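Next comes coords-v5.txt, a file with compact mmCIF, C-alpha atoms and all ligand atoms.
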# COMPACT_ATOMS: atom_id res chain seq x y z
CA MET A 25 68.61 67.33 -36.70
CA ASN A 26 65.55 69.47 -36.22
CA ARG A 27 66.81 72.69 -34.76
CA ARG A 28 64.40 75.26 -33.51
CA ARG A 29 65.26 78.88 -33.27
CA GLY A 30 63.73 81.80 -31.50
CA VAL A 31 61.04 81.47 -28.90
CA PRO A 32 61.44 78.51 -26.57
CA VAL A 33 58.31 76.39 -26.71
CA GLU A 34 58.56 74.44 -23.49
CA PRO A 35 59.27 76.01 -20.13
CA LEU A 36 62.58 74.90 -18.79
CA GLN A 37 62.70 73.18 -15.47
CA CYS A 38 65.50 73.70 -13.03
CA GLY A 39 67.41 70.49 -12.37
CA THR A 40 68.37 71.69 -8.93
CA CYS A 41 65.12 72.88 -7.34
CA GLY A 42 62.54 71.79 -9.92
CA ALA A 43 61.09 75.24 -10.49
CA ASN A 44 59.92 76.35 -13.91
CA ASP A 45 61.24 79.80 -13.25
CA VAL A 46 64.20 79.49 -15.57
CA ILE A 47 65.43 82.02 -18.08
CA GLN A 48 67.29 80.96 -21.19
CA ILE A 49 69.62 83.18 -23.16
CA GLU A 50 70.92 82.21 -26.57
CA LEU A 51 74.56 82.98 -27.14
CA THR A 52 76.89 82.42 -30.05
CA LEU A 53 80.46 81.73 -29.12
CA PRO A 54 83.34 83.24 -31.13
CA ASP A 55 83.74 79.99 -33.07
CA GLY A 56 80.09 80.01 -34.13
CA THR A 57 78.86 77.44 -31.63
CA GLU A 58 75.37 78.28 -30.44
CA VAL A 59 74.78 77.68 -26.76
CA ASN A 60 72.09 78.54 -24.25
CA PHE A 61 72.80 80.04 -20.91
CA CYS A 62 70.16 79.04 -18.37
CA SER A 63 69.56 80.58 -14.99
CA CYS A 64 67.02 79.69 -12.31
CA HIS A 65 65.34 82.55 -10.51
CA GLN A 66 64.41 80.37 -7.56
CA CYS A 67 67.72 78.90 -6.46
CA GLU A 68 70.06 80.84 -8.78
CA ALA A 69 71.41 77.67 -10.31
CA ARG A 70 73.14 78.31 -13.62
CA TRP A 71 74.10 75.99 -16.38
CA TRP A 72 74.90 75.83 -20.07
CA ASP A 73 73.17 73.91 -22.79
CA ARG A 74 73.99 73.09 -26.41
CA ASP A 75 71.37 71.54 -28.68
CA GLY A 76 69.49 70.35 -25.62
CA GLU A 77 72.52 68.76 -24.02
CA PRO A 78 74.01 70.15 -20.84
CA LEU A 79 77.47 71.59 -21.20
CA GLU A 80 80.17 71.71 -18.60
CA LEU A 81 81.38 75.20 -17.88
CA ASP A 82 84.89 74.05 -18.74
CA VAL A 83 83.72 73.09 -22.22
CA VAL A 84 82.08 76.45 -22.75
CA LEU A 85 85.21 78.25 -21.67
CA GLU A 86 87.27 76.03 -23.96
CA LEU A 87 85.00 76.80 -26.91
CA ALA A 88 85.07 80.49 -26.11
CA ARG A 89 88.84 80.42 -26.02
CA ASN A 90 89.20 78.90 -29.49
CA THR A 91 88.64 82.13 -31.34
CA SER A 92 91.16 81.73 -34.12
CA ALA A 93 92.21 78.16 -34.81
ZN ZN B 101 66.35 76.21 -9.28
Rewrite the structure of this file - the entire thing - as structure tokens.
Ligand SMILES: [Zn+2]
Amino acid sequence: MNRRRGVPVEPLQCGTCGANDVIQIELTLPDGTEVNFCSCHQCEARWWDRDGEPLELDVVLELARNTSA
């Protein structure tokens, strides 16, 4: 897989309102999983993303909970 780090190249588009006014924050969960937290300034929609795939909040919370397996 070709994984890019650092500066996002393409502007993200909000899936809810279609605006390009989306911020993306890279986070590393306690188990080492890298995820992106995305937030739309227009409609305040928020979602999670891992390797370009949307993540359910439940999954993120589950990953965050598995600190010491
Ligand atoms: Zn939006």
*For A:Leu79, list every protein, DNA or RNA residue within 10 Å, evaluated using all atoms listed in the file, and leave out those in the same chain fewer than 5 positions away; present the list as a PyMOL selection string.*
chain A and resi 59-61+71-74+84
*Quick one, how far is atom CA of A:Asp82 from atom CA of A:Gln48?*
19.1 Å
Given 3 Å of margin on each side, can you work out the centre and size in Å (one decimal) of an axis-aligned box holding every listed atom of stretch 43-56 of chain A, as AutoDock Vina command-line options?
--center_x 71.8 --center_y 79.2 --center_z -22.3 --size_x 29.8 --size_y 14.0 --size_z 29.6
*For ligand ZN 101 (chain B), list the contacting residues at 7 Å or closer, counting all atoms listed in the file, as a PyMOL selection string.*
chain A and resi 38-43+64-69
File of the preceding selection, C-alpha atoms, as a CSV table (one decimal), in the coordinates of the input:
chain,number,residue,atom,x,y,z
A,38,CYS,CA,65.5,73.7,-13.0
A,39,GLY,CA,67.4,70.5,-12.4
A,40,THR,CA,68.4,71.7,-8.9
A,41,CYS,CA,65.1,72.9,-7.3
A,42,GLY,CA,62.5,71.8,-9.9
A,43,ALA,CA,61.1,75.2,-10.5
A,64,CYS,CA,67.0,79.7,-12.3
A,65,HIS,CA,65.3,82.6,-10.5
A,66,GLN,CA,64.4,80.4,-7.6
A,67,CYS,CA,67.7,78.9,-6.5
A,68,GLU,CA,70.1,80.8,-8.8
A,69,ALA,CA,71.4,77.7,-10.3
*Quote the spacing between atom CA of A:Leu53 and atom CA of A:Arg70 in Å to one decimal place.*
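Taking atom CA of A:Leu53 as the start and atom CA of A:Arg70 as the end point, the length is 17.5 Å.
With distances restricted to all atoms listed in the file, A:Asp75 is the closest residue to A:Glu58 from A:Glu86, A:Asp45, A:Asp75, A:Glu80.
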*Distance in Å - atom CA of A:Pro78 versus atom CA of A:Gly56*: 17.6 Å
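Checking A:Cys62, A:Ala88, A:Thr57, A:Gly76 one by one against A:Asn44, counting all atoms listed in the file, you find the shortest gap at A:Cys62.
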